Amino acid sequence: MTTEPAAWLPDDWAHPTRVALTDRHHLRPMGPADVDLDLPAVRGSRDRLWSIYGQAWGWPPVHLSREADIDDLAHHAAEIEAHESFLYGLFDADETALLGCLYVDPPAKVGADADISWWVVDPLVGSDLEAALDAFVPRWIAAEWPLARPRYVGRDLSWAEWLALPDLVQETA
């Protein structure tokens with residue numbers, strides 16, 4: 001019989017709901033209402049995103065429908081509400097475009113207390129905004145999140161190295 005895992009985050013901790021990255025860009029949690037910004041961002045960067053997340057997550061699928069994306073975003077919103085996992089979107093000031101995403105997840109592999117990754121849309125690869133996000137995320141996690149050993153997958157170690165780590169074993173009674 002599997003027992004309840006220990007709480008990932010303190011019960012009284014409140015996740016950030018809007019975080020300034022630059023004077024023209026911010027991060028905030030995403031949900032199904034963001035589908036009309038999420039879908040073009042993901043579709044427009046699909047091949048590169050698959051090269052990053054495909055082996056580990058099987059995402060994004062070749063033919064991502066609007067309905068499937070709404071379902072995926074609703075799942076993320078429910079996880080955010082339950083403090084099980086977090087998806088933040090990177091938006092411009094007026095939220096006319098989704099420019100990337102940040103994932104803060106409980107660890108699936110040994111050696112960390114969170115697995116964190118992020119991406120920007122293809123046109124922003126190598127940009128000042130991507131560099132700002134790359135510098136910002138570890139500082140923000142250290143300052144605002146109750147994590148002792150966050151692991152930055154795709155930065156601290158490759159996705160292939162992450163996949164090779166032993167899975168966390170669920171406690172059994």
# chains A, B, ... in the order shown; residues from 1 in each chain; ligands from 1

$ residues_around --residues "region 67-78 of chain A" --least-positions-apart "3" --cutoff "9 Å" --atoms "only C-alpha atoms" --output "number ranges by chain"
A: 29-35, 38-39, 64, 81-87

$ write_last_selection --atoms "N, CA, C and O atoms" --output "PDB file, in the first residue's frame"
ATOM      1  N   PRO A  29       1.102  32.668 -12.988  1.00  0.00           N
ATOM      2  CA  PRO A  29       0.554  31.325 -13.196  1.00  0.00           C
ATOM      3  C   PRO A  29      -0.413  31.310 -14.385  1.00  0.00           C
ATOM      4  O   PRO A  29      -1.093  32.306 -14.666  1.00  0.00           O
ATOM      5  N   MET A  30      -0.453  30.165 -15.052  1.00  0.00           N
ATOM      6  CA  MET A  30      -1.295  30.025 -16.243  1.00  0.00           C
ATOM      7  C   MET A  30      -2.470  29.096 -15.990  1.00  0.00           C
ATOM      8  O   MET A  30      -2.437  28.262 -15.100  1.00  0.00           O
ATOM      9  N   GLY A  31      -3.491  29.253 -16.822  1.00  0.00           N
ATOM     10  CA  GLY A  31      -4.668  28.407 -16.776  1.00  0.00           C
ATOM     11  C   GLY A  31      -5.329  28.356 -18.139  1.00  0.00           C
ATOM     12  O   GLY A  31      -4.807  28.900 -19.117  1.00  0.00           O
ATOM     13  N   PRO A  32      -6.497  27.715 -18.228  1.00  0.00           N
ATOM     14  CA  PRO A  32      -7.151  27.513 -19.520  1.00  0.00           C
ATOM     15  C   PRO A  32      -7.521  28.802 -20.251  1.00  0.00           C
ATOM     16  O   PRO A  32      -7.597  28.812 -21.474  1.00  0.00           O
ATOM     17  N   ALA A  33      -7.712  29.902 -19.538  1.00  0.00           N
ATOM     18  CA  ALA A  33      -8.023  31.176 -20.190  1.00  0.00           C
ATOM     19  C   ALA A  33      -6.859  31.682 -21.045  1.00  0.00           C
ATOM     20  O   ALA A  33      -7.044  32.563 -21.893  1.00  0.00           O
ATOM     21  N   ASP A  34      -5.668  31.116 -20.857  1.00  0.00           N
ATOM     22  CA  ASP A  34      -4.483  31.535 -21.606  1.00  0.00           C
ATOM     23  C   ASP A  34      -4.290  30.773 -22.906  1.00  0.00           C
ATOM     24  O   ASP A  34      -3.284  30.964 -23.595  1.00  0.00           O
ATOM     25  N   VAL A  35      -5.233  29.924 -23.280  1.00  0.00           N
ATOM     26  CA  VAL A  35      -5.055  29.055 -24.441  1.00  0.00           C
ATOM     27  C   VAL A  35      -4.755  29.827 -25.725  1.00  0.00           C
ATOM     28  O   VAL A  35      -3.932  29.385 -26.528  1.00  0.00           O
ATOM     29  N   ASP A  38      -1.138  30.641 -25.421  1.00  0.00           N
ATOM     30  CA  ASP A  38      -0.295  29.457 -25.264  1.00  0.00           C
ATOM     31  C   ASP A  38      -0.173  28.660 -26.559  1.00  0.00           C
ATOM     32  O   ASP A  38       0.928  28.264 -26.951  1.00  0.00           O
ATOM     33  N   LEU A  39      -1.282  28.442 -27.210  1.00  0.00           N
ATOM     34  CA  LEU A  39      -1.284  27.573 -28.391  1.00  0.00           C
ATOM     35  C   LEU A  39      -0.345  28.078 -29.488  1.00  0.00           C
ATOM     36  O   LEU A  39       0.489  27.297 -29.979  1.00  0.00           O
ATOM     37  N   LEU A  64      -1.157  19.466 -31.604  1.00  0.00           N
ATOM     38  CA  LEU A  64      -1.760  19.945 -30.363  1.00  0.00           C
ATOM     39  C   LEU A  64      -3.030  20.720 -30.708  1.00  0.00           C
ATOM     40  O   LEU A  64      -2.972  21.799 -31.295  1.00  0.00           O
ATOM     41  N   GLU A  81      -3.323  25.341  -7.944  1.00  0.00           N
ATOM     42  CA  GLU A  81      -4.262  25.574  -6.838  1.00  0.00           C
ATOM     43  C   GLU A  81      -3.967  24.634  -5.664  1.00  0.00           C
ATOM     44  O   GLU A  81      -4.054  25.028  -4.501  1.00  0.00           O
ATOM     45  N   ALA A  82      -3.614  23.394  -5.975  1.00  0.00           N
ATOM     46  CA  ALA A  82      -3.323  22.390  -4.938  1.00  0.00           C
ATOM     47  C   ALA A  82      -1.867  22.431  -4.466  1.00  0.00           C
ATOM     48  O   ALA A  82      -1.474  21.648  -3.608  1.00  0.00           O
ATOM     49  N   HIS A  83      -1.072  23.335  -5.046  1.00  0.00           N
ATOM     50  CA  HIS A  83       0.361  23.437  -4.746  1.00  0.00           C
ATOM     51  C   HIS A  83       1.103  22.128  -5.035  1.00  0.00           C
ATOM     52  O   HIS A  83       2.033  21.745  -4.325  1.00  0.00           O
ATOM     53  N   GLU A  84       0.691  21.457  -6.101  1.00  0.00           N
ATOM     54  CA  GLU A  84       1.346  20.213  -6.512  1.00  0.00           C
ATOM     55  C   GLU A  84       2.437  20.460  -7.539  1.00  0.00           C
ATOM     56  O   GLU A  84       3.391  19.691  -7.635  1.00  0.00           O
ATOM     57  N   SER A  85       2.311  21.502  -8.327  1.00  0.00           N
ATOM     58  CA  SER A  85       3.225  21.827  -9.413  1.00  0.00           C
ATOM     59  C   SER A  85       2.849  23.215  -9.904  1.00  0.00           C
ATOM     60  O   SER A  85       1.720  23.658  -9.684  1.00  0.00           O
ATOM     61  N   PHE A  86       3.780  23.898 -10.579  1.00  0.00           N
ATOM     62  CA  PHE A  86       3.529  25.276 -10.980  1.00  0.00           C
ATOM     63  C   PHE A  86       3.971  25.519 -12.415  1.00  0.00           C
ATOM     64  O   PHE A  86       5.081  25.162 -12.795  1.00  0.00           O
ATOM     65  N   LEU A  87       3.085  26.138 -13.175  1.00  0.00           N
ATOM     66  CA  LEU A  87       3.379  26.602 -14.530  1.00  0.00           C
ATOM     67  C   LEU A  87       3.197  28.109 -14.543  1.00  0.00           C
ATOM     68  O   LEU A  87       2.099  28.610 -14.257  1.00  0.00           O
TER      69      LEU A  87
END

$ select_by_dssp --residues "chain A" --states "alpha helix (DSSP H)" --output "tab-separated table (two decimals) with N, CA and C atoms, in the first residue's frame"
chain	number	residue	atom	x	y	z
A	35	VAL	N	-5.23	29.92	-23.28
A	35	VAL	CA	-5.05	29.06	-24.44
A	35	VAL	C	-4.76	29.83	-25.73
A	36	ASP	N	-5.39	30.98	-25.93
A	36	ASP	CA	-5.19	31.70	-27.18
A	36	ASP	C	-3.81	32.34	-27.29
A	37	LEU	N	-3.09	32.43	-26.19
A	37	LEU	CA	-1.70	32.87	-26.23
A	37	LEU	C	-0.75	31.67	-26.17
A	38	ASP	N	-1.14	30.64	-25.42
A	38	ASP	CA	-0.30	29.46	-25.26
A	38	ASP	C	-0.17	28.66	-26.56
A	39	LEU	N	-1.28	28.44	-27.21
A	39	LEU	CA	-1.28	27.57	-28.39
A	39	LEU	C	-0.34	28.08	-29.49
A	40	PRO	N	-0.38	29.35	-29.88
A	40	PRO	CA	0.57	29.78	-30.92
A	40	PRO	C	2.02	29.75	-30.44
A	41	ALA	N	2.25	30.02	-29.16
A	41	ALA	CA	3.62	29.98	-28.64
A	41	ALA	C	4.18	28.56	-28.72
A	42	VAL	N	3.39	27.59	-28.27
A	42	VAL	CA	3.84	26.20	-28.28
A	42	VAL	C	3.96	25.68	-29.71
A	43	ARG	N	2.94	25.91	-30.52
A	43	ARG	CA	3.00	25.44	-31.91
A	43	ARG	C	4.16	26.06	-32.67
A	44	GLY	N	4.40	27.35	-32.45
A	44	GLY	CA	5.46	28.05	-33.16
A	44	GLY	C	6.86	27.62	-32.77
A	46	ARG	N	7.36	24.31	-31.51
A	46	ARG	CA	7.12	22.90	-31.24
A	46	ARG	C	8.34	22.01	-31.44
A	47	ASP	N	9.05	22.15	-32.56
A	47	ASP	CA	10.17	21.25	-32.82
A	47	ASP	C	11.27	21.40	-31.77
A	48	ARG	N	11.59	22.64	-31.41
A	48	ARG	CA	12.62	22.85	-30.38
A	48	ARG	C	12.13	22.38	-29.03
A	49	LEU	N	10.85	22.66	-28.71
A	49	LEU	CA	10.30	22.20	-27.43
A	49	LEU	C	10.31	20.68	-27.35
A	50	TRP	N	10.00	20.01	-28.43
A	50	TRP	CA	10.05	18.54	-28.44
A	50	TRP	C	11.48	18.07	-28.20
A	51	SER	N	12.46	18.76	-28.78
A	51	SER	CA	13.85	18.36	-28.58
A	51	SER	C	14.27	18.50	-27.13
A	52	ILE	N	13.62	19.38	-26.38
A	52	ILE	CA	13.92	19.58	-24.96
A	52	ILE	C	13.09	18.63	-24.09
A	53	TYR	N	11.77	18.64	-24.27
A	53	TYR	CA	10.85	17.96	-23.35
A	53	TYR	C	10.29	16.64	-23.87
A	54	GLY	N	10.48	16.36	-25.14
A	54	GLY	CA	9.83	15.21	-25.73
A	54	GLY	C	10.15	13.89	-25.08
A	55	GLN	N	11.43	13.59	-24.88
A	55	GLN	CA	11.81	12.31	-24.31
A	55	GLN	C	11.32	12.18	-22.87
A	56	ALA	N	11.39	13.26	-22.11
A	56	ALA	CA	11.00	13.20	-20.69
A	56	ALA	C	9.49	13.28	-20.50
A	57	TRP	N	8.82	14.16	-21.23
A	57	TRP	CA	7.42	14.45	-20.97
A	57	TRP	C	6.49	14.03	-22.10
A	66	ARG	N	-6.62	22.78	-29.86
A	66	ARG	CA	-7.04	23.79	-28.89
A	66	ARG	C	-7.66	23.11	-27.67
A	67	GLU	N	-8.48	22.10	-27.90
A	67	GLU	CA	-9.15	21.40	-26.79
A	67	GLU	C	-8.12	20.70	-25.89
A	68	ALA	N	-7.13	20.06	-26.50
A	68	ALA	CA	-6.09	19.39	-25.71
A	68	ALA	C	-5.27	20.40	-24.92
A	69	ASP	N	-5.01	21.56	-25.52
A	69	ASP	CA	-4.25	22.59	-24.81
A	69	ASP	C	-5.08	23.16	-23.65
A	70	ILE	N	-6.36	23.36	-23.86
A	70	ILE	CA	-7.23	23.82	-22.76
A	70	ILE	C	-7.20	22.80	-21.62
A	71	ASP	N	-7.31	21.52	-21.96
A	71	ASP	CA	-7.27	20.47	-20.94
A	71	ASP	C	-5.94	20.49	-20.19
A	72	ASP	N	-4.84	20.64	-20.93
A	72	ASP	CA	-3.51	20.67	-20.32
A	72	ASP	C	-3.39	21.88	-19.39
A	73	LEU	N	-3.84	23.04	-19.84
A	73	LEU	CA	-3.77	24.25	-19.01
A	73	LEU	C	-4.68	24.15	-17.79
A	74	ALA	N	-5.83	23.50	-17.95
A	74	ALA	CA	-6.73	23.30	-16.80
A	74	ALA	C	-6.07	22.37	-15.77
A	75	HIS	N	-5.40	21.34	-16.25
A	75	HIS	CA	-4.67	20.42	-15.36
A	75	HIS	C	-3.60	21.19	-14.59
A	76	HIS	N	-2.84	22.04	-15.31
A	76	HIS	CA	-1.81	22.85	-14.64
A	76	HIS	C	-2.44	23.77	-13.61
A	77	ALA	N	-3.57	24.41	-13.94
A	77	ALA	CA	-4.22	25.32	-13.01
A	77	ALA	C	-4.65	24.59	-11.74
A	78	ALA	N	-5.18	23.37	-11.90
A	78	ALA	CA	-5.58	22.58	-10.73
A	78	ALA	C	-4.37	22.22	-9.88
A	79	GLU	N	-3.26	21.88	-10.52
A	79	GLU	CA	-2.03	21.57	-9.77
A	79	GLU	C	-1.51	22.80	-9.04
A	80	ILE	N	-1.60	23.96	-9.67
A	80	ILE	CA	-1.17	25.20	-9.02
A	80	ILE	C	-2.03	25.46	-7.79
A	81	GLU	N	-3.32	25.34	-7.94
A	81	GLU	CA	-4.26	25.57	-6.84
A	81	GLU	C	-3.97	24.63	-5.66
A	128	ASP	N	18.25	39.10	-25.31
A	128	ASP	CA	18.46	39.69	-23.99
A	128	ASP	C	17.38	39.23	-23.02
A	129	LEU	N	16.14	39.07	-23.50
A	129	LEU	CA	15.06	38.62	-22.62
A	129	LEU	C	15.32	37.20	-22.14
A	130	GLU	N	15.79	36.32	-23.01
A	130	GLU	CA	16.13	34.96	-22.56
A	130	GLU	C	17.26	35.00	-21.53
A	131	ALA	N	18.27	35.83	-21.77
A	131	ALA	CA	19.37	35.96	-20.81
A	131	ALA	C	18.86	36.49	-19.47
A	132	ALA	N	17.93	37.44	-19.52
A	132	ALA	CA	17.37	37.98	-18.27
A	132	ALA	C	16.61	36.89	-17.52
A	133	LEU	N	15.83	36.08	-18.24
A	133	LEU	CA	15.10	34.98	-17.61
A	133	LEU	C	16.07	33.95	-17.02
A	134	ASP	N	17.10	33.60	-17.77
A	134	ASP	CA	18.10	32.63	-17.30
A	134	ASP	C	18.76	33.10	-16.01
A	135	ALA	N	19.05	34.38	-15.91
A	135	ALA	CA	19.68	34.92	-14.69
A	135	ALA	C	18.67	35.06	-13.56
A	136	PHE	N	17.44	35.40	-13.90
A	136	PHE	CA	16.42	35.68	-12.90
A	136	PHE	C	15.93	34.44	-12.17
A	137	VAL	N	15.64	33.37	-12.88
A	137	VAL	CA	14.96	32.23	-12.27
A	137	VAL	C	15.70	31.69	-11.04
A	138	PRO	N	16.99	31.36	-11.11
A	138	PRO	CA	17.64	30.84	-9.89
A	138	PRO	C	17.62	31.82	-8.72
A	139	ARG	N	17.77	33.12	-9.00
A	139	ARG	CA	17.72	34.12	-7.92
A	139	ARG	C	16.33	34.17	-7.31
A	140	TRP	N	15.30	34.15	-8.14
A	140	TRP	CA	13.91	34.21	-7.67
A	140	TRP	C	13.56	32.98	-6.85
A	141	ILE	N	13.94	31.83	-7.34
A	141	ILE	CA	13.66	30.58	-6.61
A	141	ILE	C	14.33	30.64	-5.24
A	142	ALA	N	15.59	31.06	-5.20
A	142	ALA	CA	16.32	31.14	-3.93
A	142	ALA	C	15.68	32.13	-2.97
A	143	ALA	N	15.18	33.24	-3.48
A	143	ALA	CA	14.63	34.29	-2.62
A	143	ALA	C	13.19	34.06	-2.20
A	144	GLU	N	12.37	33.44	-3.06
A	144	GLU	CA	10.93	33.41	-2.82
A	144	GLU	C	10.33	32.04	-2.57
A	159	TRP	N	18.85	17.05	-19.92
A	159	TRP	CA	17.65	16.21	-19.78
A	159	TRP	C	18.03	14.74	-19.83
A	160	ALA	N	19.02	14.38	-20.64
A	160	ALA	CA	19.46	12.98	-20.70
A	160	ALA	C	20.05	12.55	-19.35
A	161	GLU	N	20.83	13.43	-18.73
A	161	GLU	CA	21.38	13.11	-17.39
A	161	GLU	C	20.26	13.01	-16.37
A	162	TRP	N	19.27	13.88	-16.46
A	162	TRP	CA	18.14	13.84	-15.54
A	162	TRP	C	17.38	12.52	-15.71
A	163	LEU	N	17.12	12.13	-16.94
A	163	LEU	CA	16.40	10.88	-17.20
A	163	LEU	C	17.15	9.67	-16.64
A	164	ALA	N	18.48	9.73	-16.62
A	164	ALA	CA	19.30	8.62	-16.13
A	164	ALA	C	19.33	8.52	-14.60

$ select_by_dssp --residues "chain A" --states "strand (DSSP E)" --output "PyMOL selection string"
chain A and resi 19-22+25-29+86-92+98-105+114-120+150-152

$ write_last_selection --atoms "N, CA, C and O atoms" --output "CSV table (one decimal), in the first residue's frame"
chain,number,residue,atom,x,y,z
A,19,VAL,N,5.1,38.3,-11.0
A,19,VAL,CA,6.5,38.6,-10.7
A,19,VAL,C,7.1,39.4,-11.9
A,19,VAL,O,7.1,38.9,-13.0
A,20,ALA,N,7.6,40.6,-11.6
A,20,ALA,CA,8.2,41.4,-12.7
A,20,ALA,C,9.6,40.8,-13.1
A,20,ALA,O,10.4,40.4,-12.2
A,21,LEU,N,9.8,40.6,-14.4
A,21,LEU,CA,11.1,40.1,-14.9
A,21,LEU,C,11.9,41.3,-15.4
A,21,LEU,O,13.0,41.5,-15.0
A,22,THR,N,11.2,42.2,-16.2
A,22,THR,CA,11.8,43.4,-16.6
A,22,THR,C,10.7,44.5,-16.5
A,22,THR,O,9.6,44.1,-16.1
A,25,HIS,N,8.1,43.0,-18.9
A,25,HIS,CA,7.7,41.5,-18.9
A,25,HIS,C,7.5,41.0,-17.5
A,25,HIS,O,8.2,41.5,-16.6
A,26,HIS,N,6.6,40.0,-17.4
A,26,HIS,CA,6.4,39.5,-16.1
A,26,HIS,C,6.0,38.0,-16.2
A,26,HIS,O,5.7,37.5,-17.3
A,27,LEU,N,6.1,37.3,-15.1
A,27,LEU,CA,5.6,35.9,-15.0
A,27,LEU,C,4.4,35.8,-14.1
A,27,LEU,O,4.2,36.6,-13.2
A,28,ARG,N,3.5,34.9,-14.5
A,28,ARG,CA,2.3,34.7,-13.7
A,28,ARG,C,1.8,33.3,-14.0
A,28,ARG,O,2.1,32.7,-15.0
A,29,PRO,N,1.1,32.7,-13.0
A,29,PRO,CA,0.6,31.3,-13.2
A,29,PRO,C,-0.4,31.3,-14.4
A,29,PRO,O,-1.1,32.3,-14.7
A,86,PHE,N,3.8,23.9,-10.6
A,86,PHE,CA,3.5,25.3,-11.0
A,86,PHE,C,4.0,25.5,-12.4
A,86,PHE,O,5.1,25.2,-12.8
A,87,LEU,N,3.1,26.1,-13.2
A,87,LEU,CA,3.4,26.6,-14.5
A,87,LEU,C,3.2,28.1,-14.5
A,87,LEU,O,2.1,28.6,-14.3
A,88,TYR,N,4.3,28.8,-14.8
A,88,TYR,CA,4.2,30.3,-15.0
A,88,TYR,C,4.5,30.6,-16.5
A,88,TYR,O,5.3,30.0,-17.1
A,89,GLY,N,3.7,31.5,-17.0
A,89,GLY,CA,3.9,32.1,-18.3
A,89,GLY,C,4.7,33.3,-18.2
A,89,GLY,O,4.6,34.1,-17.3
A,90,LEU,N,5.5,33.5,-19.3
A,90,LEU,CA,6.3,34.8,-19.4
A,90,LEU,C,5.5,35.6,-20.4
A,90,LEU,O,5.3,35.2,-21.6
A,91,PHE,N,5.0,36.8,-20.0
A,91,PHE,CA,4.2,37.6,-20.8
A,91,PHE,C,4.8,39.0,-21.0
A,91,PHE,O,5.5,39.5,-20.1
A,92,ASP,N,4.4,39.6,-22.1
A,92,ASP,CA,4.7,41.0,-22.3
A,92,ASP,C,3.7,41.8,-21.3
A,92,ASP,O,2.8,41.3,-20.7
A,98,LEU,N,2.4,35.3,-25.3
A,98,LEU,CA,3.1,34.4,-24.4
A,98,LEU,C,4.5,34.2,-25.0
A,98,LEU,O,4.7,33.8,-26.1
A,99,LEU,N,5.5,34.5,-24.2
A,99,LEU,CA,6.9,34.5,-24.7
A,99,LEU,C,7.7,33.3,-24.2
A,99,LEU,O,8.8,33.1,-24.6
A,100,GLY,N,7.2,32.5,-23.3
A,100,GLY,CA,7.8,31.4,-22.7
A,100,GLY,C,7.1,30.9,-21.5
A,100,GLY,O,6.1,31.4,-21.1
A,101,CYS,N,7.7,29.8,-20.9
A,101,CYS,CA,7.1,29.2,-19.7
A,101,CYS,C,8.1,28.7,-18.8
A,101,CYS,O,9.3,28.4,-19.2
A,102,LEU,N,7.7,28.7,-17.5
A,102,LEU,CA,8.6,28.2,-16.4
A,102,LEU,C,7.8,27.2,-15.6
A,102,LEU,O,6.7,27.4,-15.3
A,103,TYR,N,8.5,26.0,-15.4
A,103,TYR,CA,7.9,24.9,-14.6
A,103,TYR,C,8.6,24.7,-13.3
A,103,TYR,O,9.8,24.6,-13.3
A,104,VAL,N,7.9,24.7,-12.2
A,104,VAL,CA,8.5,24.4,-10.9
A,104,VAL,C,7.7,23.2,-10.4
A,104,VAL,O,6.5,23.2,-10.1
A,105,ASP,N,8.4,22.0,-10.4
A,105,ASP,CA,7.7,20.8,-10.2
A,105,ASP,C,8.4,20.1,-9.0
A,105,ASP,O,9.6,20.2,-8.7
A,114,ALA,N,13.2,20.0,-5.9
A,114,ALA,CA,12.3,20.5,-7.0
A,114,ALA,C,13.1,20.4,-8.3
A,114,ALA,O,14.3,20.4,-8.4
A,115,ASP,N,12.3,20.2,-9.4
A,115,ASP,CA,12.8,20.1,-10.7
A,115,ASP,C,12.3,21.3,-11.5
A,115,ASP,O,11.1,21.5,-11.6
A,116,ILE,N,13.2,22.2,-11.9
A,116,ILE,CA,12.7,23.5,-12.5
A,116,ILE,C,13.3,23.6,-13.9
A,116,ILE,O,14.5,23.3,-14.2
A,117,SER,N,12.5,24.0,-14.9
A,117,SER,CA,12.9,24.2,-16.2
A,117,SER,C,12.1,25.4,-16.8
A,117,SER,O,11.1,25.7,-16.3
A,118,TRP,N,12.6,25.9,-17.9
A,118,TRP,CA,11.9,27.0,-18.6
A,118,TRP,C,12.4,27.1,-20.1
A,118,TRP,O,13.4,26.5,-20.4
A,119,TRP,N,11.6,27.8,-20.8
A,119,TRP,CA,11.9,28.0,-22.2
A,119,TRP,C,11.3,29.3,-22.7
A,119,TRP,O,10.4,29.9,-22.1
A,120,VAL,N,11.8,29.8,-23.8
A,120,VAL,CA,11.3,31.0,-24.5
A,120,VAL,C,10.9,30.5,-25.9
A,120,VAL,O,11.4,29.5,-26.4
A,150,PRO,N,16.9,23.1,-5.2
A,150,PRO,CA,16.3,23.0,-6.5
A,150,PRO,C,17.3,22.6,-7.6
A,150,PRO,O,18.5,22.8,-7.5
A,151,ARG,N,16.7,21.9,-8.5
A,151,ARG,CA,17.6,21.3,-9.6
A,151,ARG,C,17.1,22.0,-10.9
A,151,ARG,O,15.9,21.9,-11.2
A,152,TYR,N,17.9,22.6,-11.6
A,152,TYR,CA,17.6,23.3,-12.9
A,152,TYR,C,17.9,22.4,-14.1
A,152,TYR,O,19.0,22.4,-14.6

$ residues_around --residues "Arg149 (chain A)" --least-positions-apart "5" --cutoff "9 Å" --atoms "only C-alpha atoms" --output "mmCIF file with N, CA and C atoms, in the first residue's frame"
data_model
loop_
_atom_site.group_PDB
_atom_site.id
_atom_site.type_symbol
_atom_site.label_atom_id
_atom_site.label_comp_id
_atom_site.auth_asym_id
_atom_site.auth_seq_id
_atom_site.Cartn_x
_atom_site.Cartn_y
_atom_site.Cartn_z
ATOM 1 N N GLY A 111 17.793 13.426 -5.445
ATOM 2 C CA GLY A 111 18.848 14.419 -5.396
ATOM 3 C C GLY A 111 18.429 15.877 -5.359
ATOM 4 N N ALA A 112 17.139 16.177 -5.320
ATOM 5 C CA ALA A 112 16.699 17.568 -5.291
ATOM 6 C C ALA A 112 15.337 17.650 -4.612
ATOM 7 N N ASP A 113 14.927 18.870 -4.272
ATOM 8 C CA ASP A 113 13.584 19.038 -3.723
ATOM 9 C C ASP A 113 12.651 19.734 -4.712
ATOM 10 N N ALA A 114 13.153 20.011 -5.920
ATOM 11 C CA ALA A 114 12.315 20.536 -7.004
ATOM 12 C C ALA A 114 13.062 20.363 -8.321
#

$ closest_residue --among "A:Asp156, A:Arg24, A:Asp94, A:Ser45" --to "Leu124 (chain A)" --atoms "only C-alpha atoms"
A:Ser45

$ atom_distance --atom1 "CA of Trp13 (chain A)" --atom2 "CA of Leu157 (chain A)"
28.1 Å

$ decode --residues "region 129-142 of chain A" --atoms "N, CA, C and O atoms" --output "PDB file, in the first residue's frame"
ATOM      1  N   LEU A 129      16.142  39.067 -23.504  1.00  0.00           N
ATOM      2  CA  LEU A 129      15.063  38.618 -22.624  1.00  0.00           C
ATOM      3  C   LEU A 129      15.319  37.196 -22.136  1.00  0.00           C
ATOM      4  O   LEU A 129      15.125  36.901 -20.953  1.00  0.00           O
ATOM      5  N   GLU A 130      15.793  36.320 -23.007  1.00  0.00           N
ATOM      6  CA  GLU A 130      16.131  34.963 -22.559  1.00  0.00           C
ATOM      7  C   GLU A 130      17.256  35.004 -21.531  1.00  0.00           C
ATOM      8  O   GLU A 130      17.194  34.314 -20.508  1.00  0.00           O
ATOM      9  N   ALA A 131      18.266  35.829 -21.769  1.00  0.00           N
ATOM     10  CA  ALA A 131      19.372  35.956 -20.811  1.00  0.00           C
ATOM     11  C   ALA A 131      18.864  36.490 -19.471  1.00  0.00           C
ATOM     12  O   ALA A 131      19.304  36.029 -18.407  1.00  0.00           O
ATOM     13  N   ALA A 132      17.933  37.441 -19.516  1.00  0.00           N
ATOM     14  CA  ALA A 132      17.369  37.976 -18.272  1.00  0.00           C
ATOM     15  C   ALA A 132      16.607  36.886 -17.522  1.00  0.00           C
ATOM     16  O   ALA A 132      16.722  36.774 -16.296  1.00  0.00           O
ATOM     17  N   LEU A 133      15.832  36.076 -18.240  1.00  0.00           N
ATOM     18  CA  LEU A 133      15.100  34.978 -17.613  1.00  0.00           C
ATOM     19  C   LEU A 133      16.066  33.954 -17.020  1.00  0.00           C
ATOM     20  O   LEU A 133      15.885  33.498 -15.884  1.00  0.00           O
ATOM     21  N   ASP A 134      17.099  33.599 -17.770  1.00  0.00           N
ATOM     22  CA  ASP A 134      18.095  32.632 -17.298  1.00  0.00           C
ATOM     23  C   ASP A 134      18.760  33.096 -16.005  1.00  0.00           C
ATOM     24  O   ASP A 134      19.011  32.292 -15.106  1.00  0.00           O
ATOM     25  N   ALA A 135      19.045  34.384 -15.907  1.00  0.00           N
ATOM     26  CA  ALA A 135      19.681  34.922 -14.693  1.00  0.00           C
ATOM     27  C   ALA A 135      18.671  35.063 -13.555  1.00  0.00           C
ATOM     28  O   ALA A 135      19.008  34.857 -12.387  1.00  0.00           O
ATOM     29  N   PHE A 136      17.440  35.401 -13.900  1.00  0.00           N
ATOM     30  CA  PHE A 136      16.420  35.683 -12.901  1.00  0.00           C
ATOM     31  C   PHE A 136      15.932  34.442 -12.165  1.00  0.00           C
ATOM     32  O   PHE A 136      15.777  34.471 -10.933  1.00  0.00           O
ATOM     33  N   VAL A 137      15.642  33.375 -12.879  1.00  0.00           N
ATOM     34  CA  VAL A 137      14.959  32.226 -12.270  1.00  0.00           C
ATOM     35  C   VAL A 137      15.698  31.688 -11.043  1.00  0.00           C
ATOM     36  O   VAL A 137      15.087  31.560  -9.977  1.00  0.00           O
ATOM     37  N   PRO A 138      16.986  31.358 -11.110  1.00  0.00           N
ATOM     38  CA  PRO A 138      17.637  30.837  -9.891  1.00  0.00           C
ATOM     39  C   PRO A 138      17.619  31.821  -8.721  1.00  0.00           C
ATOM     40  O   PRO A 138      17.433  31.413  -7.576  1.00  0.00           O
ATOM     41  N   ARG A 139      17.771  33.122  -9.002  1.00  0.00           N
ATOM     42  CA  ARG A 139      17.717  34.123  -7.920  1.00  0.00           C
ATOM     43  C   ARG A 139      16.327  34.174  -7.306  1.00  0.00           C
ATOM     44  O   ARG A 139      16.175  34.242  -6.086  1.00  0.00           O
ATOM     45  N   TRP A 140      15.296  34.151  -8.137  1.00  0.00           N
ATOM     46  CA  TRP A 140      13.912  34.215  -7.672  1.00  0.00           C
ATOM     47  C   TRP A 140      13.556  32.983  -6.853  1.00  0.00           C
ATOM     48  O   TRP A 140      12.953  33.092  -5.786  1.00  0.00           O
ATOM     49  N   ILE A 141      13.943  31.830  -7.344  1.00  0.00           N
ATOM     50  CA  ILE A 141      13.661  30.585  -6.611  1.00  0.00           C
ATOM     51  C   ILE A 141      14.334  30.635  -5.242  1.00  0.00           C
ATOM     52  O   ILE A 141      13.722  30.319  -4.218  1.00  0.00           O
ATOM     53  N   ALA A 142      15.591  31.064  -5.203  1.00  0.00           N
ATOM     54  CA  ALA A 142      16.321  31.136  -3.928  1.00  0.00           C
ATOM     55  C   ALA A 142      15.682  32.133  -2.967  1.00  0.00           C
ATOM     56  O   ALA A 142      15.620  31.885  -1.762  1.00  0.00           O
TER      57      ALA A 142
END
